[in-house]
>>> print(open('structure-v1.csv').read())   # CSV, C-alpha atoms
chain,number,residue,atom,x,y,z
A,190,MET,CA,51.7,7.9,49.5
A,191,ASN,CA,49.6,10.2,51.5
A,192,GLU,CA,46.4,8.4,52.8
A,193,LYS,CA,44.5,11.7,52.8
A,194,LYS,CA,45.2,12.4,49.1
A,195,LEU,CA,43.5,9.1,48.1
A,196,ASN,CA,40.3,9.8,50.0
A,197,HIS,CA,38.5,11.8,47.3
A,198,GLY,CA,35.0,10.7,48.1
A,199,PHE,CA,34.3,8.5,45.0
A,200,LYS,CA,33.3,4.9,45.4
A,201,ILE,CA,33.4,1.8,43.1
A,202,PRO,CA,31.3,-1.4,43.1
A,203,ASP,CA,32.6,-4.3,45.2
A,204,GLY,CA,35.2,-6.4,43.3
A,205,TYR,CA,35.4,-3.8,40.4
A,206,PHE,CA,39.1,-4.1,39.9
A,207,GLU,CA,39.2,-7.9,40.5
A,208,ASP,CA,36.7,-8.3,37.6
A,209,PHE,CA,38.1,-5.5,35.5
A,210,GLU,CA,40.2,-7.7,33.1
A,211,ASN,CA,37.4,-10.2,32.7
A,212,ASN,CA,34.8,-7.5,31.9
A,213,LEU,CA,37.2,-5.9,29.5
A,214,GLN,CA,37.8,-9.2,27.8
A,215,ILE,CA,34.0,-9.7,27.4
A,216,SER,CA,33.6,-6.2,25.9
A,217,LEU,CA,36.4,-6.9,23.5
A,218,GLU,CA,34.9,-10.2,22.4
A,219,LEU,CA,31.5,-8.6,22.0
A,220,GLU,CA,33.1,-5.9,19.9
A,221,ASN,CA,34.8,-8.6,17.7
A,222,ALA,CA,31.5,-10.4,17.4
A,223,LYS,CA,30.1,-7.3,15.7
A,224,LYS,CA,32.3,-8.1,12.7
A,225,ASN,CA,31.9,-11.9,12.9
A,226,LEU,CA,29.2,-13.9,14.7
A,227,GLY,CA,30.6,-17.2,13.5
A,228,PHE,CA,27.7,-17.8,11.0
A,229,LYS,CA,28.8,-19.0,7.5
A,230,VAL,CA,27.0,-19.5,4.2
A,231,PRO,CA,27.7,-22.0,1.4
A,232,GLU,CA,30.2,-20.9,-1.1
A,233,ARG,CA,29.0,-18.4,-3.7
A,234,TYR,CA,25.6,-18.4,-1.9
A,235,PHE,CA,24.9,-14.7,-2.5
A,236,ASP,CA,25.8,-15.0,-6.2
A,237,THR,CA,23.2,-17.7,-6.7
A,238,ILE,CA,20.4,-16.7,-4.3
A,239,GLU,CA,19.4,-13.7,-6.5
A,240,LEU,CA,18.3,-15.9,-9.4
A,241,GLU,CA,16.7,-18.4,-7.0
A,242,ILE,CA,14.6,-15.6,-5.4
A,243,LEU,CA,13.5,-14.2,-8.7
A,244,ASP,CA,12.5,-17.7,-9.9
A,245,SER,CA,10.6,-18.2,-6.6
A,246,MET,CA,8.8,-14.9,-7.2
A,247,LYS,CA,7.8,-16.0,-10.7
A,248,ILE,CA,6.5,-19.3,-9.5
A,249,SER,CA,4.6,-17.6,-6.7
A,250,GLU,CA,3.0,-15.2,-9.2
A,251,LEU,CA,2.0,-18.1,-11.4
A,252,ASN,CA,0.5,-20.1,-8.4
A,253,SER,CA,-1.3,-17.0,-7.4
A,254,LYS,CA,-2.9,-16.7,-10.9
A,255,VAL,CA,-3.8,-20.4,-10.9
A,256,ASN,CA,-5.4,-20.3,-7.5
A,257,ASN,CA,-7.1,-16.9,-8.1
A,258,PRO,CA,-7.9,-16.9,-11.8
A,259,GLU,CA,-9.3,-13.8,-13.4
A,260,PRO,CA,-13.2,-13.9,-13.7
A,261,LYS,CA,-14.4,-15.5,-17.0
A,262,VAL,CA,-15.5,-12.9,-19.5
A,263,ILE,CA,-18.8,-13.8,-21.2
A,264,ASN,CA,-19.2,-12.3,-24.7
A,265,LEU,CA,-22.6,-10.6,-24.7
A,266,PHE,CA,-22.9,-10.9,-28.5
A,267,GLN,CA,-22.9,-14.7,-28.4
A,268,LYS,CA,-26.6,-14.4,-27.5
A,269,ARG,CA,-29.0,-13.6,-30.4
A,270,TRP,CA,-31.6,-11.8,-28.2
A,271,VAL,CA,-29.0,-9.2,-27.4
A,272,TYR,CA,-28.8,-8.2,-31.0
A,273,PHE,CA,-32.6,-7.7,-31.1
A,274,ALA,CA,-32.6,-5.7,-27.9
A,275,ALA,CA,-29.7,-3.6,-29.1
A,276,ALA,CA,-31.6,-2.9,-32.4
A,277,ILE,CA,-34.8,-1.8,-30.6
A,278,ALA,CA,-32.8,0.4,-28.3
A,279,ALA,CA,-31.1,2.0,-31.2
A,280,CYS,CA,-34.5,2.7,-33.0
A,281,VAL,CA,-35.9,4.3,-29.8
A,282,ALA,CA,-32.8,6.5,-29.5
A,283,LEU,CA,-33.1,7.5,-33.2
A,284,ILE,CA,-36.7,8.6,-32.7
A,285,PHE,CA,-35.9,10.8,-29.8
A,286,THR,CA,-33.0,12.3,-31.7
A,287,LEU,CA,-34.7,13.0,-35.0
A,288,PHE,CA,-38.0,14.2,-33.5
A,289,PRO,CA,-37.3,16.3,-30.5
A,290,GLN,CA,-40.0,16.9,-27.8
A,291,LYS,CA,-41.2,20.3,-29.3
A,292,ASP,CA,-42.1,18.7,-32.6
A,293,ARG,CA,-44.1,16.0,-31.0
A,294,ASP,CA,-46.2,18.4,-28.9
A,295,THR,CA,-47.0,21.2,-31.4
A,296,LEU,CA,-48.5,24.3,-29.9
A,297,ASN,CA,-51.5,25.7,-31.7
A,298,LEU,CA,-52.1,29.4,-32.1
A,299,ALA,CA,-55.6,28.8,-30.9
A,300,ASP,CA,-54.2,27.7,-27.6
A,301,ILE,CA,-52.8,31.2,-26.9
A,302,SER,CA,-55.2,33.7,-25.6
A,303,ALA,CA,-55.6,37.1,-27.4
A,304,GLU,CA,-54.4,38.9,-24.2
A,305,THR,CA,-51.1,36.9,-24.3
A,306,ILE,CA,-50.6,37.8,-28.0
A,307,GLU,CA,-51.4,41.4,-27.4
A,308,SER,CA,-49.1,41.7,-24.4
A,309,TYR,CA,-46.4,40.0,-26.4
A,310,PHE,CA,-46.6,42.6,-29.2
A,311,ILE,CA,-46.6,45.5,-26.7
A,312,GLN,CA,-43.7,44.2,-24.5
A,313,GLU,CA,-41.6,43.1,-27.4
A,314,ASN,CA,-42.3,46.4,-29.2
A,315,THR,CA,-42.8,44.5,-32.4
A,316,ASP,CA,-42.8,46.7,-35.5
A,317,PHE,CA,-45.6,45.3,-37.7
A,318,SER,CA,-46.4,46.9,-41.0
A,319,ALA,CA,-49.7,46.6,-42.7
A,320,PHE,CA,-48.1,44.5,-45.3
A,321,ASP,CA,-46.8,42.1,-42.5
A,322,LEU,CA,-50.3,41.9,-41.1
A,323,VAL,CA,-51.9,41.1,-44.5
A,324,THR,CA,-49.3,38.4,-45.2
A,325,LEU,CA,-49.6,36.8,-41.8
A,326,SER,CA,-53.5,36.9,-41.6
A,327,PRO,CA,-55.5,34.2,-43.2
A,328,ASN,CA,-58.0,35.1,-46.1
A,329,GLU,CA,-61.0,34.1,-43.9
A,330,ASP,CA,-60.2,36.9,-41.5
A,331,PHE,CA,-60.5,39.5,-44.3
A,332,GLU,CA,-63.7,38.0,-45.5
A,333,ASN,CA,-65.2,38.2,-42.1
A,334,LEU,CA,-64.0,41.7,-41.7
A,335,LYS,CA,-65.5,42.7,-45.0
A,336,ASN,CA,-68.9,41.2,-44.0
A,337,GLU,CA,-68.8,43.1,-40.7
A,338,VAL,CA,-68.0,46.4,-42.4
A,339,ASP,CA,-70.8,45.9,-45.0
A,340,PHE,CA,-73.2,45.2,-42.1
A,341,LEU,CA,-72.4,48.6,-40.6
A,342,ASN,CA,-74.5,50.6,-43.1
A,343,ILE,CA,-76.5,53.8,-42.1
A,344,GLU,CA,-79.8,52.0,-41.6
A,345,ASN,CA,-78.4,49.4,-39.3
A,346,ILE,CA,-76.6,52.0,-37.2
A,347,GLU,CA,-79.9,54.1,-36.9
A,348,ASP,CA,-81.8,51.0,-35.9
A,349,TYR,CA,-79.2,50.2,-33.3
A,350,LEU,CA,-79.3,53.7,-31.8
A,351,LEU,CA,-83.1,53.8,-31.7
A,352,GLU,CA,-83.2,50.5,-29.9
A,353,LYS,CA,-80.8,51.8,-27.2
B,163,MET,CA,13.8,12.0,-8.0
B,164,THR,CA,16.0,10.0,-5.5
B,165,THR,CA,17.3,6.6,-6.4
B,166,GLU,CA,15.0,5.0,-3.8
B,167,THR,CA,12.0,6.9,-5.1
B,168,SER,CA,12.7,5.8,-8.7
B,169,LEU,CA,13.2,2.2,-7.6
B,170,ILE,CA,9.9,2.2,-5.8
B,171,HIS,CA,8.1,3.7,-8.8
B,172,ALA,CA,9.7,1.0,-11.0
B,173,LEU,CA,8.7,-1.7,-8.6
B,174,LYS,CA,5.1,-0.4,-8.6
B,175,GLY,CA,4.9,0.1,-12.3
B,176,ASP,CA,4.4,-2.6,-15.0
B,177,LEU,CA,7.4,-1.5,-17.1
B,178,ASN,CA,10.8,-2.8,-15.9
B,179,LYS,CA,9.2,-4.4,-12.8
B,180,GLU,CA,11.3,-7.5,-13.1
B,181,ALA,CA,14.5,-5.5,-13.5
B,182,ALA,CA,13.6,-3.3,-10.5
B,183,PHE,CA,13.0,-6.4,-8.4
B,184,SER,CA,16.3,-7.8,-9.5
B,185,LYS,CA,18.0,-4.6,-8.3
B,186,LEU,CA,16.1,-4.7,-5.0
B,187,VAL,CA,17.2,-8.2,-4.3
B,188,SER,CA,20.7,-7.4,-5.3
B,189,LEU,CA,20.7,-4.4,-2.9
B,190,TYR,CA,19.2,-6.0,0.1
B,191,LYS,CA,19.8,-9.8,-0.1
B,192,GLU,CA,22.9,-9.9,2.2
B,193,ARG,CA,21.7,-7.4,4.8
B,194,LEU,CA,18.3,-9.1,5.1
B,195,TYR,CA,19.9,-12.6,5.1
B,196,TRP,CA,22.1,-11.8,8.1
B,197,HIS,CA,19.3,-10.1,9.9
B,198,ILE,CA,17.1,-13.2,9.4
B,199,ARG,CA,20.0,-15.6,10.2
B,200,LYS,CA,20.5,-14.0,13.7
B,201,ILE,CA,16.8,-14.7,14.5
B,202,VAL,CA,16.5,-18.3,13.1
B,203,LEU,CA,20.2,-19.3,13.5
B,204,ASP,CA,20.1,-22.1,10.9
B,205,HIS,CA,21.2,-21.4,7.3
B,206,ASP,CA,18.5,-23.5,5.6
B,207,ASP,CA,15.8,-21.8,7.7
B,208,ALA,CA,17.3,-18.4,6.9
B,209,HIS,CA,17.3,-19.3,3.2
B,210,ASP,CA,13.5,-20.2,3.3
B,211,VAL,CA,12.7,-17.0,5.2
B,212,ILE,CA,14.6,-14.7,2.9
B,213,GLN,CA,12.7,-16.2,-0.1
B,214,ASN,CA,9.4,-15.7,1.7
B,215,THR,CA,10.4,-12.2,2.5
B,216,PHE,CA,11.1,-11.2,-1.1
B,217,ILE,CA,7.9,-12.9,-2.3
B,218,LYS,CA,5.9,-10.9,0.3
B,219,VAL,CA,7.6,-7.7,-0.8
B,220,PHE,CA,6.9,-8.6,-4.5
B,221,ARG,CA,3.2,-9.2,-3.7
B,222,ASN,CA,2.7,-6.2,-1.5
B,223,ILE,CA,4.8,-3.5,-3.0
B,224,ASN,CA,1.7,-1.6,-4.3
B,225,GLY,CA,0.5,-1.4,-0.7
B,226,PHE,CA,3.8,0.3,0.5
B,227,LYS,CA,2.6,3.8,1.3
B,228,GLU,CA,6.1,5.4,1.3
B,229,GLU,CA,5.5,6.9,4.7
B,230,SER,CA,8.7,5.2,5.8
B,231,LYS,CA,11.9,4.4,4.1
B,232,LEU,CA,12.0,1.3,1.9
B,233,TYR,CA,14.6,-0.5,4.0
B,234,THR,CA,12.7,-0.1,7.2
B,235,TRP,CA,9.6,-1.6,5.5
B,236,LEU,CA,11.8,-4.5,4.2
B,237,TYR,CA,13.3,-5.2,7.6
B,238,ARG,CA,9.8,-5.1,9.1
B,239,ILE,CA,8.7,-7.8,6.7
B,240,ALA,CA,11.8,-9.8,7.2
B,241,THR,CA,11.4,-9.7,11.0
B,242,ASN,CA,7.8,-10.7,10.8
B,243,GLU,CA,8.6,-13.5,8.3
B,244,ALA,CA,11.3,-14.9,10.6
B,245,ILE,CA,9.0,-14.9,13.7
B,246,THR,CA,6.2,-16.4,11.6
B,247,PHE,CA,8.6,-19.1,10.4
B,248,ILE,CA,9.6,-20.1,14.0
B,249,ASN,CA,5.9,-20.1,15.1
B,250,LYS,CA,4.9,-22.3,12.2
B,251,LYS,CA,7.8,-24.7,12.9
B,252,ALA,CA,6.7,-25.0,16.5
B,253,LYS,CA,3.2,-25.8,15.4
B,254,ARG,CA,4.3,-28.3,12.8
B,255,ASN,CA,6.5,-30.2,15.2
B,256,ASN,CA,4.0,-29.8,18.0
B,257,ILE,CA,6.5,-28.1,20.3
B,258,THR,CA,6.7,-24.7,21.9
B,259,ILE,CA,8.5,-21.7,20.3
B,260,GLU,CA,11.1,-21.8,23.1
B,261,GLU,CA,11.8,-25.4,22.3
B,262,VAL,CA,12.3,-24.6,18.6
B,263,LYS,CA,14.9,-21.9,19.6
B,264,GLU,CA,16.6,-24.3,22.1
B,265,LYS,CA,16.9,-26.9,19.3
B,266,ALA,CA,18.3,-24.4,16.9
B,267,LEU,CA,20.9,-23.4,19.5
B,268,LEU,CA,21.9,-27.1,20.1
B,269,ASN,CA,22.2,-27.7,16.4
B,270,LEU,CA,24.5,-24.7,16.1
B,271,GLU,CA,27.3,-26.6,17.8
B,272,SER,CA,27.3,-29.2,15.0
B,273,ASP,CA,26.3,-26.9,12.2
B,274,VAL,CA,28.7,-26.9,9.2
B,275,TYR,CA,27.7,-23.3,8.6
B,276,PHE,CA,28.7,-22.1,12.1
B,277,GLU,CA,32.4,-21.7,12.8
B,278,GLY,CA,32.1,-19.5,15.9
B,279,SER,CA,34.5,-19.6,18.7
B,280,GLU,CA,33.5,-20.6,22.2
B,281,ILE,CA,32.7,-17.0,23.1
B,282,GLN,CA,30.6,-16.6,20.0
B,283,LEU,CA,28.6,-19.7,20.9
B,284,LYS,CA,28.2,-18.4,24.5
B,285,LEU,CA,27.0,-15.1,23.1
B,286,GLN,CA,24.3,-16.9,21.0
B,287,LYS,CA,23.3,-18.9,24.1
B,288,ALA,CA,23.1,-15.6,26.1
B,289,ILE,CA,21.0,-13.9,23.5
B,290,ALA,CA,18.7,-17.0,23.4
B,291,THR,CA,17.8,-16.4,27.1
B,292,LEU,CA,16.3,-13.0,26.3
B,293,PRO,CA,12.6,-12.6,25.5
B,294,GLU,CA,11.8,-12.3,21.8
B,295,LYS,CA,11.5,-8.5,21.7
B,296,GLN,CA,14.7,-8.0,23.7
B,297,GLN,CA,16.6,-10.4,21.3
B,298,LEU,CA,15.4,-8.4,18.3
B,299,VAL,CA,16.3,-5.1,19.9
B,300,PHE,CA,19.8,-6.3,21.0
B,301,ASN,CA,20.7,-7.8,17.6
B,302,MET,CA,19.4,-4.9,15.7
B,303,LYS,CA,20.9,-2.2,17.9
B,304,TYR,CA,24.2,-3.8,18.9
B,305,PHE,CA,25.2,-5.7,15.8
B,306,GLU,CA,23.3,-3.9,13.0
B,307,GLU,CA,23.6,-0.5,14.7
B,308,PHE,CA,20.2,0.9,13.8
B,309,THR,CA,19.1,4.0,15.6
B,310,TYR,CA,16.2,3.9,18.0
B,311,GLN,CA,14.0,5.8,15.6
B,312,GLU,CA,14.7,3.3,12.8
B,313,LEU,CA,14.0,0.4,15.3
B,314,SER,CA,10.8,2.1,16.3
B,315,GLU,CA,9.5,2.1,12.7
B,316,MET,CA,10.7,-1.5,12.1
B,317,LEU,CA,9.4,-3.0,15.3
B,318,ASP,CA,6.4,-0.8,15.8
B,319,THR,CA,7.5,0.1,19.4
B,320,SER,CA,8.1,3.4,21.1
B,321,VAL,CA,11.6,4.8,21.3
B,322,GLY,CA,11.3,4.8,25.2
B,323,ALA,CA,10.3,1.2,25.3
B,324,LEU,CA,13.2,0.2,22.9
B,325,LYS,CA,15.8,2.0,25.0
B,326,SER,CA,14.6,0.3,28.1
B,327,SER,CA,14.6,-3.1,26.4
B,328,TYR,CA,18.1,-2.6,25.0
B,329,HIS,CA,19.6,-1.6,28.3
B,330,ILE,CA,18.0,-4.6,30.1
B,331,ALA,CA,19.2,-6.9,27.3
B,332,VAL,CA,22.8,-5.6,27.5
B,333,LYS,CA,22.8,-6.0,31.3
B,334,LYS,CA,21.5,-9.5,31.1
B,335,ILE,CA,24.0,-10.6,28.4
B,336,THR,CA,27.0,-9.1,30.1
B,337,SER,CA,25.9,-10.8,33.4
B,338,ILE,CA,25.5,-14.2,31.6
B,339,LEU,CA,28.8,-13.9,29.9
B,340,GLU,CA,30.6,-13.0,33.1
B,341,ASN,CA,29.2,-16.0,34.8
B,342,ILE,CA,29.8,-18.7,32.1
>>> encode(input="structure-v1.csv", output="structure tokens")
Amino acid sequence: MNEKKLNHGFKIPDGYFEDFENNLQISLELENAKKNLGFKVPERYFDTIELEILDSMKISELNSKVNNPEPKVINLFQKRWVYFAAAIAACVALIFTLFPQKDRDTLNLADISAETIESYFIQENTDFSAFDLVTLSPNEDFENLKNEVDFLNIENIEDYLLEK
Amino acid sequence: MTTETSLIHALKGDLNKEAAFSKLVSLYKERLYWHIRKIVLDHDDAHDVIQNTFIKVFRNINGFKEESKLYTWLYRIATNEAITFINKKAKRNNITIEEVKEKALLNLESDVYFEGSEIQLKLQKAIATLPEKQQLVFNMKYFEEFTYQELSEMLDTSVGALKSSYHIAVKKITSILENI
């Protein structure tokens, strides 16, 4: 064979071909080991383990409940004072419901100034008839009005003008 | 609604919770068992760990935020439980974690539930020489064929760090097997 043809420039590690068979054997055995590592399990192990695991989980859950029991619930209504407190609270709530705030603080007409009432009638453009006015006004107002009108006779008017 | 989503809803709800857990155990018992067994090596230990794993899943299912797939969450719990189991065993026997693993490896030779060939035993010995994280990455990538993205979610490690760990692990194991 021509010596020049073999000199292609590529190189290989020392002893590569000497170890080739050995390395190939290792690779093959490693490949076989992928399928079987030599470990075994007892007969029907995977058929029985499932039940065993589920039982272990139940036992573990039970232990967990025993070691961390749920907090004890105290029945509030076992104590008599709670009944009284609840009854009082219900009464207070009933008062507030039946008698709202506006009923308890009634506003008197006397508290409203005449200007406020006047401006209300002007702004709201309230259409008041004479009849409405008579119906709404108390009798005393008419009595006072009558007295004032009676007082305004000719003599009194002349006296007033002479004094001025 | 996908099968996984409806299973999660059933697991989180009060109705059919037990039936949903039964289904979950049935779906994942074998996969999780073999994953755990590769970490603890001993069958009885793997049995204890898988029980603890499902109990933890049962207790914490309402805390599962569904930001990842259910199986990645399960593998994450299983891995943590296996590591916690080894740590507790070391503490209980007043020995180091490495000593617990060495002991498990020695017991493997006489274990009735190990029928591996000489090369399979050598492989376990080679894996045992790796640091804990490299062992996990090697087992989960090589044997269980998870993607780096899945491993990243399960082991809470970046994809870059996982790739690096895996390549170092493969190199070490090949080198050990060559020299045994």
>>> atom_distance(input="structure-v1.csv", atom1="CA of Trp235 in chain B", atom2="CA of Lys185 in chain B")
16.4 Å
>>> interface_residues(input="structure-v1.csv", of="chain B", to="chain A", cutoff="6 Å", atoms="only C-alpha atoms", output="VMD selection string")
chain B and resid 213 217 275 to 278 305
>>> closest_residue(input="structure-v1.csv", among="A:Asn196, A:Asn336, A:Asn252, A:Thr237", to="Ser188 in chain B", atoms="all atoms listed in the file")
A:Thr237
>>> atom_distance(input="structure-v1.csv", atom1="CA of Glu228 in chain B", atom2="CA of Tyr328 in chain B")
27.7 Å
>>> residues_around(input="structure-v1.csv", residues="Asn242 in chain B", least_positions_apart="5", cutoff="10 Å", atoms="only C-alpha atoms", output="list in words")
Ile198, Val211, Thr215, Leu236, Tyr237, Phe247, Met316 and Leu317 of chain B
>>> atom_distance(input="structure-v1.csv", atom1="CA of Gly198 in chain A", atom2="CA of Ile330 in chain B")
29.1 Å
>>> residues_around(input="structure-v1.csv", residues="range 166-178 of chain B", least_positions_apart="3", cutoff="8 Å", atoms="only C-alpha atoms", output="PDB file with C-alpha atoms, keeping the file's coordinate frame")
ATOM      1  CA  MET B 163      13.800  12.000  -8.000  1.00  0.00           C
ATOM      2  CA  ALA B 181      14.500  -5.500 -13.500  1.00  0.00           C
ATOM      3  CA  ALA B 182      13.600  -3.300 -10.500  1.00  0.00           C
ATOM      4  CA  PHE B 183      13.000  -6.400  -8.400  1.00  0.00           C
ATOM      5  CA  LEU B 186      16.100  -4.700  -5.000  1.00  0.00           C
ATOM      6  CA  ILE B 223       4.800  -3.500  -3.000  1.00  0.00           C
ATOM      7  CA  ASN B 224       1.700  -1.600  -4.300  1.00  0.00           C
ATOM      8  CA  LEU B 232      12.000   1.300   1.900  1.00  0.00           C
TER       9      LEU B 232
END
>>> closest_residue(input="structure-v1.csv", among="B:Lys333, B:Leu283, B:His197, B:Lys227", to="Glu307 in chain B", atoms="only C-alpha atoms")
B:His197
>>> residues_around(input="structure-v1.csv", residues="Ala331 in chain B", least_positions_apart="4", cutoff="12 Å", atoms="only C-alpha atoms", output="JSON, numbers by chain")
{"B": [288, 289, 290, 291, 292, 293, 294, 295, 296, 297, 298, 299, 300, 301, 302, 303, 304, 324, 325, 326, 327, 335, 336, 337, 338]}
